[in-house]
file target20.txt (compact mmCIF, C-alpha atoms)
# COMPACT_ATOMS: atom_id res chain seq x y z
CA MET A 1198 -95.72 56.33 -61.15
CA ASN A 1199 -93.29 59.16 -60.40
CA LYS A 1200 -90.90 59.10 -57.45
CA SER A 1201 -92.68 61.89 -55.55
CA LEU A 1202 -96.01 60.05 -55.61
CA THR A 1203 -94.36 56.77 -54.60
CA PHE A 1204 -92.65 58.49 -51.68
CA LEU A 1205 -95.93 60.08 -50.60
CA ILE A 1206 -97.73 56.71 -50.70
CA VAL A 1207 -94.97 55.04 -48.69
CA LEU A 1208 -94.96 57.90 -46.18
CA CYS A 1209 -98.73 57.76 -45.75
CA PHE A 1210 -98.63 53.99 -45.29
CA SER A 1211 -95.86 54.31 -42.68
CA VAL A 1212 -97.78 56.96 -40.76
CA TYR A 1213 -100.91 54.78 -40.89
CA SER A 1214 -98.98 51.71 -39.70
CA ILE A 1215 -97.44 53.61 -36.79
CA SER A 1216 -100.84 55.04 -35.84
CA ALA A 1217 -102.47 51.59 -36.00
CA GLN A 1218 -99.69 50.10 -33.89
CA LYS A 1219 -100.05 52.79 -31.23
CA LYS A 1220 -103.79 52.20 -31.17
CA SER A 1221 -103.27 48.48 -30.57
CA PHE A 1222 -100.94 49.26 -27.65
CA SER A 1223 -103.30 51.80 -26.07
CA TYR A 1224 -105.85 50.73 -23.50
CA THR A 1225 -109.55 51.50 -23.95
CA GLN A 1226 -111.36 53.42 -21.24
CA VAL A 1227 -114.21 51.57 -19.54
CA ASN A 1228 -117.75 52.68 -20.26
CA ILE A 1229 -119.61 53.21 -16.97
CA GLU A 1230 -123.35 52.93 -17.44
CA GLN A 1231 -125.28 56.12 -16.77
CA GLU A 1232 -127.58 54.30 -14.36
CA VAL A 1233 -124.58 53.70 -12.09
CA ASN A 1234 -123.74 57.40 -11.96
CA THR A 1235 -127.37 58.33 -11.36
CA ILE A 1236 -127.75 55.97 -8.40
CA MET A 1237 -124.39 56.96 -6.95
CA GLN A 1238 -125.42 60.61 -7.07
CA ASP A 1239 -128.78 59.84 -5.51
CA LYS A 1240 -127.45 57.72 -2.63
CA TRP A 1241 -123.97 59.11 -2.05
CA GLY A 1242 -123.93 62.56 -3.61
CA ASP A 1243 -120.39 63.38 -4.65
CA GLU A 1244 -118.76 61.12 -2.05
CA PHE A 1245 -117.64 58.31 -4.40
CA LYS A 1246 -114.15 58.70 -5.83
CA HIS A 1247 -113.55 57.11 -9.23
CA VAL A 1248 -110.25 55.60 -10.39
CA GLU A 1249 -107.47 57.44 -12.16
CA TYR A 1250 -106.24 55.87 -15.40
CA PRO A 1251 -102.55 55.11 -15.98
CA LYS A 1252 -100.41 57.10 -18.37
CA GLN A 1253 -98.77 55.38 -21.34
CA TRP A 1254 -95.60 56.03 -23.32
CA LEU A 1255 -96.34 54.69 -26.81
CA ASP A 1256 -93.33 55.84 -28.86
CA ASN A 1257 -90.75 53.53 -27.32
CA VAL A 1258 -91.31 49.86 -28.26
CA VAL A 1259 -89.30 46.70 -27.63
CA LYS A 1260 -90.54 43.51 -29.29
CA VAL A 1261 -89.96 40.11 -27.68
CA LYS A 1262 -90.10 36.78 -29.49
CA PRO A 1263 -90.90 33.56 -27.62
CA GLY A 1264 -87.66 32.39 -26.02
CA ALA A 1265 -86.18 35.88 -25.64
CA SER A 1266 -85.91 37.60 -22.26
CA ILE A 1267 -89.03 39.48 -21.21
CA GLN A 1268 -87.23 40.82 -18.13
CA ALA A 1269 -84.47 42.36 -20.25
CA ALA A 1270 -87.09 44.14 -22.35
CA ILE A 1271 -88.91 45.45 -19.24
CA ASP A 1272 -85.62 46.70 -17.79
CA LYS A 1273 -84.70 48.41 -21.05
CA ILE A 1274 -88.05 50.18 -21.37
CA SER A 1275 -87.98 51.22 -17.71
CA ALA A 1276 -84.46 52.64 -18.03
CA ALA A 1277 -85.57 54.61 -21.09
CA GLY A 1278 -88.31 56.35 -19.09
CA GLY A 1279 -91.28 54.27 -20.18
CA GLY A 1280 -92.77 52.51 -23.17
CA ILE A 1281 -94.13 49.29 -24.63
CA VAL A 1282 -92.94 45.71 -24.23
CA PHE A 1283 -94.68 43.83 -27.03
CA LEU A 1284 -94.78 40.06 -26.64
CA LYS A 1285 -95.12 38.48 -30.04
CA LYS A 1286 -97.48 35.65 -30.88
CA GLY A 1287 -96.57 32.28 -29.41
CA THR A 1288 -95.90 30.62 -26.06
CA HIS A 1289 -93.39 32.38 -23.84
CA ILE A 1290 -92.07 29.97 -21.18
CA LEU A 1291 -91.43 31.97 -18.01
CA SER A 1292 -88.29 30.47 -16.54
CA GLU A 1293 -88.13 32.87 -13.58
CA THR A 1294 -90.28 35.45 -11.82
CA LEU A 1295 -90.74 38.70 -13.74
CA THR A 1296 -90.22 41.93 -11.81
CA LEU A 1297 -92.67 44.47 -13.21
CA LYS A 1298 -91.78 48.15 -13.32
CA GLY A 1299 -93.58 51.45 -13.66
CA LYS A 1300 -94.32 53.34 -16.88
CA VAL A 1301 -94.38 50.02 -18.73
CA THR A 1302 -97.14 48.59 -20.90
CA LEU A 1303 -96.75 44.83 -21.27
CA VAL A 1304 -98.90 43.85 -24.23
CA GLY A 1305 -99.40 40.68 -26.24
CA ALA A 1306 -100.86 39.95 -29.65
CA GLY A 1307 -104.12 38.76 -28.04
CA ARG A 1308 -105.02 36.50 -25.17
CA LYS A 1309 -105.36 33.47 -27.47
CA LYS A 1310 -102.18 34.35 -29.35
CA THR A 1311 -99.68 35.34 -26.66
CA ILE A 1312 -99.40 32.77 -23.84
CA ILE A 1313 -97.04 33.20 -20.90
CA LEU A 1314 -96.63 29.78 -19.31
CA GLN A 1315 -95.28 28.89 -15.86
CA GLY A 1316 -91.79 27.43 -16.06
CA SER A 1317 -90.00 25.26 -13.53
CA ASN A 1318 -88.00 27.93 -11.64
CA ILE A 1319 -90.68 30.46 -10.68
CA VAL A 1320 -90.74 31.28 -6.96
CA ASN A 1321 -93.72 32.95 -5.28
CA ALA A 1322 -95.21 34.65 -8.36
CA ALA A 1323 -95.05 34.83 -12.14
CA PHE A 1324 -95.39 38.65 -12.22
CA ASN A 1325 -94.13 40.35 -9.07
CA ILE A 1326 -93.87 43.83 -7.54
CA GLU A 1327 -92.53 44.24 -4.01
CA ALA A 1328 -93.00 47.25 -1.72
CA GLU A 1329 -89.99 49.08 -3.14
CA PRO A 1330 -89.49 50.74 -5.51
CA GLN A 1331 -92.92 52.30 -5.87
CA VAL A 1332 -94.52 51.45 -9.22
CA THR A 1333 -96.92 53.72 -11.11
CA ASP A 1334 -98.54 53.55 -14.53
CA LEU A 1335 -98.41 49.83 -15.27
CA VAL A 1336 -100.60 48.31 -17.99
CA ILE A 1337 -100.90 44.60 -18.85
CA LYS A 1338 -103.12 43.72 -21.80
CA ASP A 1339 -103.95 41.25 -24.55
CA LEU A 1340 -102.33 38.07 -23.24
CA THR A 1341 -102.84 34.93 -21.16
CA LEU A 1342 -100.84 34.19 -18.02
CA LYS A 1343 -101.16 30.46 -17.41
CA GLY A 1344 -99.94 28.38 -14.50
CA THR A 1345 -99.51 24.65 -14.14
CA GLY A 1346 -101.22 24.35 -10.75
CA GLU A 1347 -97.94 23.30 -9.13
CA GLY A 1348 -96.37 24.73 -5.96
CA LYS A 1349 -97.76 27.82 -4.23
CA ILE A 1350 -97.32 30.36 -7.00
CA ASN A 1351 -99.33 33.52 -7.62
CA GLY A 1352 -100.12 34.68 -11.11
CA ILE A 1353 -99.75 38.42 -10.37
CA LEU A 1354 -98.52 39.59 -6.96
CA ILE A 1355 -98.30 43.32 -6.16
CA ARG A 1356 -97.47 44.40 -2.60
CA GLY A 1357 -97.15 48.05 -1.60
CA ARG A 1358 -96.84 49.90 1.69
CA ASN A 1359 -99.04 52.60 3.16
CA GLU A 1360 -96.24 55.13 2.88
CA SER A 1361 -95.46 54.17 -0.73
CA ARG A 1362 -98.52 52.69 -2.39
CA HIS A 1363 -98.29 51.48 -5.95
CA ASN A 1364 -100.57 53.51 -8.18
CA ARG A 1365 -102.48 53.28 -11.45
CA VAL A 1366 -102.39 49.62 -12.49
CA MET A 1367 -104.58 48.37 -15.34
CA LEU A 1368 -105.29 44.84 -16.57
CA GLN A 1369 -107.27 44.65 -19.80
CA ASN A 1370 -108.20 41.73 -22.04
CA ILE A 1371 -106.14 39.17 -20.14
CA ASP A 1372 -106.67 35.68 -18.73
CA VAL A 1373 -104.97 34.63 -15.49
CA ILE A 1374 -105.66 30.94 -15.03
CA HIS A 1375 -104.51 27.78 -13.26
CA TRP A 1376 -102.21 29.34 -10.64
CA SER A 1377 -101.88 27.36 -7.43
CA ALA A 1378 -102.01 30.40 -5.10
CA GLN A 1379 -103.85 33.65 -5.89
CA GLY A 1380 -104.63 34.39 -9.49
CA VAL A 1381 -104.15 38.09 -8.74
CA HIS A 1382 -103.20 39.50 -5.33
CA MET A 1383 -102.89 43.27 -4.96
CA LYS A 1384 -102.02 44.83 -1.63
CA ARG A 1385 -101.81 48.53 -0.72
CA THR A 1386 -102.25 49.69 -4.29
CA ASN A 1387 -104.41 52.60 -5.44
CA ASN A 1388 -106.30 53.05 -8.70
CA ILE A 1389 -106.73 49.51 -10.02
CA ILE A 1390 -108.63 48.81 -13.24
CA MET A 1391 -109.58 45.33 -14.45
CA ASP A 1392 -111.49 45.24 -17.71
CA ASN A 1393 -112.67 42.29 -19.80
CA CYS A 1394 -110.51 39.79 -17.93
CA ASN A 1395 -110.91 36.17 -16.85
CA PHE A 1396 -109.44 35.09 -13.52
CA GLN A 1397 -110.33 31.43 -13.24
CA PHE A 1398 -109.25 28.02 -11.90
CA ASN A 1399 -106.79 29.54 -9.41
CA GLY A 1400 -106.16 28.59 -5.79
CA SER A 1401 -105.52 24.86 -5.91
CA ALA A 1402 -103.03 25.13 -3.00
CA GLY A 1403 -105.74 25.82 -0.40
CA GLY A 1404 -108.89 27.62 0.67
CA LEU A 1405 -107.09 30.89 1.47
CA TYR A 1406 -106.11 31.34 -2.17
CA HIS A 1407 -108.61 33.00 -4.47
CA ASN A 1408 -109.04 34.01 -8.09
CA VAL A 1409 -108.67 37.67 -7.07
CA TYR A 1410 -107.64 39.00 -3.67
CA PHE A 1411 -107.60 42.73 -2.92
CA LEU A 1412 -106.10 43.82 0.41
CA TYR A 1413 -105.94 47.44 1.63
CA ASN A 1414 -106.64 49.01 -1.76
CA LYS A 1415 -108.47 52.18 -2.76
CA TYR A 1416 -110.20 53.14 -6.02
CA ILE A 1417 -111.00 49.93 -7.89
CA LEU A 1418 -112.90 49.56 -11.16
CA GLN A 1419 -113.80 46.08 -12.41
CA SER A 1420 -115.82 45.69 -15.58
CA ASP A 1421 -116.88 42.58 -17.51
CA CYS A 1422 -114.61 40.25 -15.55
CA ASP A 1423 -115.22 36.58 -14.80
CA MET A 1424 -113.87 35.17 -11.53
CA SER A 1425 -115.61 31.79 -11.75
CA PHE A 1426 -114.35 28.32 -10.84
CA PRO A 1427 -111.86 29.05 -8.05
CA VAL A 1428 -110.41 25.66 -7.18
CA LYS A 1429 -110.66 25.89 -3.37
CA GLY A 1430 -111.05 29.54 -2.36
CA LYS A 1431 -113.30 32.44 -3.31
CA GLY A 1432 -113.98 34.16 -6.58
CA ASN A 1433 -113.03 37.60 -5.26
CA LYS A 1434 -112.04 38.83 -1.80
CA TYR A 1435 -112.19 42.54 -1.00
CA THR A 1436 -110.50 43.18 2.37
CA SER A 1437 -110.22 46.80 3.53
CA CYS A 1438 -111.13 48.09 0.08
CA GLU A 1439 -112.69 51.51 -0.42
CA TYR A 1440 -114.34 53.07 -3.48
CA VAL A 1441 -115.04 49.92 -5.49
CA LEU A 1442 -117.17 49.80 -8.63
CA ALA A 1443 -117.67 46.34 -10.14
CA GLN A 1444 -120.04 46.14 -13.09
CA ARG A 1445 -121.15 43.23 -15.26
CA CYS A 1446 -118.92 40.75 -13.44
CA THR A 1447 -119.52 37.04 -12.91
CA ILE A 1448 -118.67 34.43 -10.29
CA LYS A 1449 -119.94 30.85 -10.71
CA ASP A 1450 -119.31 27.47 -9.14
CA THR A 1451 -117.24 27.93 -5.99
CA LYS A 1452 -116.47 25.36 -3.31
CA THR A 1453 -116.85 28.01 -0.60
CA ASN A 1454 -117.99 31.65 -0.87
CA GLY A 1455 -118.30 33.77 -3.99
CA ILE A 1456 -117.36 37.21 -2.66
CA GLN A 1457 -116.04 38.29 0.71
CA ALA A 1458 -115.81 41.94 1.80
CA ASP A 1459 -114.60 42.77 5.29
CA HIS A 1460 -112.37 44.67 7.75
CA ASP A 1461 -111.80 48.36 8.43
CA GLU A 1462 -111.87 51.02 5.71
CA ALA A 1463 -114.18 48.80 3.65
CA GLY A 1464 -116.82 50.98 2.10
CA TYR A 1465 -118.38 52.71 -0.88
CA ILE A 1466 -118.74 49.41 -2.73
CA PHE A 1467 -121.06 49.40 -5.76
CA PHE A 1468 -121.94 46.11 -7.48
CA HIS A 1469 -123.86 46.62 -10.75
CA LYS A 1470 -125.15 43.65 -12.76
CA TYR A 1471 -122.95 41.28 -10.75
CA HIS A 1472 -123.99 37.65 -11.27
CA VAL A 1473 -123.10 35.14 -8.54
CA SER A 1474 -124.39 31.58 -8.75
CA ASP A 1475 -123.75 27.99 -7.65
CA CYS A 1476 -121.59 28.83 -4.64
CA ALA A 1477 -121.41 25.94 -2.20
CA ARG A 1478 -121.57 28.34 0.75
CA VAL A 1479 -122.36 32.07 0.70
CA ALA A 1480 -122.51 34.14 -2.48
CA LEU A 1481 -121.96 37.50 -0.72
CA TRP A 1482 -120.17 36.97 2.60
CA PHE A 1483 -119.75 40.31 4.43
CA PRO A 1484 -118.64 39.42 7.96
CA CYS A 1485 -117.83 41.82 10.75
CA GLU A 1486 -114.24 40.62 10.78
CA ASN A 1487 -111.06 42.01 12.29
CA TYR A 1488 -108.40 40.80 9.88
CA TYR A 1489 -105.83 40.57 12.70
CA ASP A 1490 -108.12 38.77 15.15
CA LYS A 1491 -110.36 36.89 12.79
CA TYR A 1492 -111.33 34.06 15.11
CA HIS A 1493 -113.10 36.32 17.61
CA TYR A 1494 -116.29 38.08 16.66
CA THR A 1495 -116.12 41.65 17.96
CA GLU A 1496 -119.44 43.01 16.62
CA ASN A 1497 -117.90 46.35 15.75
CA SER A 1498 -119.16 47.88 12.52
CA LYS A 1499 -115.72 49.28 11.73
CA TYR A 1500 -114.78 45.74 10.69
CA ALA A 1501 -117.67 45.35 8.25
CA PRO A 1502 -118.15 47.03 4.88
CA GLN A 1503 -120.30 50.17 4.99
CA LYS A 1504 -122.15 52.02 2.23
CA VAL A 1505 -122.73 49.10 -0.13
CA ILE A 1506 -125.04 49.23 -3.15
CA LEU A 1507 -126.23 46.24 -5.16
CA ASN A 1508 -128.03 47.22 -8.34
CA ARG A 1509 -129.47 44.80 -10.91
CA CYS A 1510 -127.52 41.93 -9.40
CA GLU A 1511 -128.45 38.25 -9.77
CA ILE A 1512 -127.67 36.13 -6.72
CA VAL A 1513 -129.13 32.73 -7.56
CA ASN A 1514 -128.78 29.03 -6.81
CA ASN A 1515 -126.25 29.46 -4.02
CA THR A 1516 -126.62 27.70 -0.67
CA TRP A 1517 -126.96 31.12 1.02
CA GLY A 1518 -127.37 34.28 -0.98
CA ALA A 1519 -125.95 37.00 1.29
CA MET A 1520 -124.91 36.75 4.94
CA TRP A 1521 -124.03 40.20 6.29
CA ARG A 1522 -123.11 41.49 9.74
CA ALA A 1523 -123.19 45.13 10.85
CA VAL A 1524 -123.41 46.41 7.25
CA ASN A 1525 -125.02 49.85 7.34
CA ASP A 1526 -126.12 52.69 5.05
CA SER A 1527 -126.59 50.18 2.26
CA TYR A 1528 -129.07 49.40 -0.53
CA VAL A 1529 -130.26 46.45 -2.59
CA ILE A 1530 -131.91 47.82 -5.75
CA ASN A 1531 -133.52 46.13 -8.76
CA SER A 1532 -131.90 42.81 -7.81
CA VAL A 1533 -133.00 39.17 -7.85
CA PHE A 1534 -132.22 36.63 -5.12
CA ASP A 1535 -133.24 32.97 -5.42
CA ASN A 1536 -131.14 30.65 -3.27
CA LYS A 1537 -131.42 27.34 -1.45
CA LYS A 1538 -131.53 28.25 2.26
CA VAL A 1539 -131.64 32.02 2.83
CA ASP A 1540 -131.54 34.87 0.32
CA MET A 1541 -130.26 37.51 2.73
CA GLY A 1542 -129.32 36.93 6.37
CA LEU A 1543 -128.77 40.27 8.11
CA LEU A 1544 -127.35 40.64 11.62
CA LYS A 1545 -127.70 44.18 13.00
CA CYS A 1546 -127.64 45.66 9.50
CA ASP A 1547 -129.20 48.78 8.03
CA VAL A 1548 -130.04 47.74 4.45
CA ILE A 1549 -132.87 49.25 2.38
CA MET A 1550 -134.49 47.05 -0.28
CA GLU A 1551 -135.83 48.78 -3.38
CA ASN A 1552 -137.69 46.96 -6.18
CA SER A 1553 -135.92 43.64 -5.50
CA SER A 1554 -137.22 40.08 -5.22
CA PHE A 1555 -136.24 37.45 -2.66
CA LYS A 1556 -137.79 34.14 -3.66
CA LYS A 1557 -136.48 32.04 -0.76
CA GLY A 1558 -136.84 34.85 1.77
CA ASN A 1559 -134.67 36.82 4.15
CA GLU A 1560 -133.79 36.48 7.83
CA ILE A 1561 -133.19 39.37 10.21
CA TYR A 1562 -131.06 38.61 13.29
CA THR A 1563 -130.70 40.82 16.36
CA ASP A 1564 -128.22 38.65 18.27
CA VAL A 1565 -125.26 36.56 17.15
CA LYS A 1566 -126.79 33.56 18.95
CA GLN A 1567 -129.50 33.55 16.27
CA TRP A 1568 -126.94 33.14 13.51
CA PRO A 1569 -127.32 29.81 11.63
CA LYS A 1570 -125.03 27.16 13.07
CA ASP A 1571 -124.20 25.80 9.66
CA VAL A 1572 -122.74 29.16 8.61
CA ARG A 1573 -119.41 29.38 10.39
CA ILE A 1574 -118.90 32.47 12.54
CA LEU A 1575 -116.10 33.94 10.45
CA TRP A 1576 -114.73 31.61 7.84
call {"tool": "encode", "arguments": {"input": "target20.txt", "output": "structure tokens"}}
result
Amino acid sequence: MNKSLTFLIVLCFSVYSISAQKKSFSYTQVNIEQEVNTIMQDKWGDEFKHVEYPKQWLDNVVKVKPGASIQAAIDKISAAGGGIVFLKKGTHILSETLTLKGKVTLVGAGRKKTIILQGSNIVNAAFNIEAEPQVTDLVIKDLTLKGTGEGKINGILIRGRNESRHNRVMLQNIDVIHWSAQGVHMKRTNNIIMDNCNFQFNGSAGGLYHNVYFLYNKYILQSDCDMSFPVKGKGNKYTSCEYVLAQRCTIKDTKTNGIQADHDEAGYIFFHKYHVSDCARVALWFPCENYYDKYHYTENSKYAPQKVILNRCEIVNNTWGAMWRAVNDSYVINSVFDNKKVDMGLLKCDVIMENSSFKKGNEIYTDVKQWPKDVRILW
């Protein structure tokens, strides 16, 4: 074989290898079923605002072996203006909290291959972002973030401010499991995407810790995520969240409620093919709750989610299926409810049922005094 042909083969192989590597670092956009778009258009017109995807910088790569500093790699990529931190196969013991930064893609070799394990010196969270500096374009994919269940430690904690919200955060093909506080807690962050993720067995430190907790966020897309088996809290809590699309998600086996949605600015929430089962209390708990005065029922619809659509959802084998207060302009479409006490309990709600079945039956309440005593007023 002559030298020119050998060089050409080597060059082609190198180009192919680089292209394949970039592809493995790139996220995949979520496929939204056409039925979702059709129903949104029919019920809401053009009012729903979909998420924006993060940008990625794929040409700058730092590789990290187990035992090497992940934080040093993140800092290096951030200082260079963006890029990839690739965590090689193996168990990476996290000795201290990682501060995540913008324009960084943190990617492993696969969720069964790259394990980030809670070490002994983590305080507050494994992955952390505080209010400043503002972080944009963060991607975490193809890894497992595993806690030990000790302390009060969050898996991923992101806290923004209204005047400087974090923006465009994507989690894809990751497991966040066995953290004592929240599995994932995102506050005042816009454009959040969670795709093909498991958030399970979190919240052993108490009932206020959940697998996933969103607080004051806008533009959320969840697809094919499993938030089952919270230890003491809920599968997913959406407080003051607007423009939420969650499709093909699952919550099973909770000690309390499956989903809670509440407070002001909560609205335009679309659940498609969401399966919630075996919750000890309420599968879909939508109270009329003022987050800052939660022990007093105010009966003001501004504190309840508005414009909610359930389509092709399965809400089965829970103690109560859905208990909603002052939820208006909402629809239950093509869904199945089959629960132990009540399928849907509605207090001063405006909810239209279309082609849905309620095997246990629903209750309509016109006064809070009619509310079941064994369902606590707020919590």
call {"tool": "closest_residue", "arguments": {"input": "target20.txt", "among": "A:Lys1300, A:Lys1384, A:Arg1522, A:Lys1537", "to": "Asp1475 (chain A)", "atoms": "only C-alpha atoms"}}
result
A:Lys1537
call {"tool": "closest_residue", "arguments": {"input": "target20.txt", "among": "A:His1382, A:His1363, A:Lys1286, A:Arg1308", "to": "Gln1331 (chain A)", "atoms": "only C-alpha atoms"}}
result
A:His1363
call {"tool": "residues_around", "arguments": {"input": "target20.txt", "residues": "Cys1422 (chain A)", "least_positions_apart": "3", "cutoff": "8 Å", "atoms": "all atoms listed in the file", "output": "list in words"}}
result
Met1391, Asp1392, Asn1393, Cys1394, Asn1395, Phe1396, Gln1419, Arg1445, Cys1446 and Thr1447 of chain A
call {"tool": "closest_residue", "arguments": {"input": "target20.txt", "among": "A:Arg1356, A:Lys1219, A:Lys1309, A:Lys1338", "to": "Asn1370 (chain A)", "atoms": "only C-alpha atoms"}}
result
A:Lys1338
call {"tool": "closest_residue", "arguments": {"input": "target20.txt", "among": "A:Val1336, A:Glu1551, A:His1469, A:Leu1412", "to": "Tyr1488 (chain A)", "atoms": "only C-alpha atoms"}}
result
A:Leu1412
call {"tool": "atom_distance", "arguments": {"input": "target20.txt", "atom1": "CA of Ile1236 (chain A)", "atom2": "CA of Asp1421 (chain A)"}}
result
19.5 Å
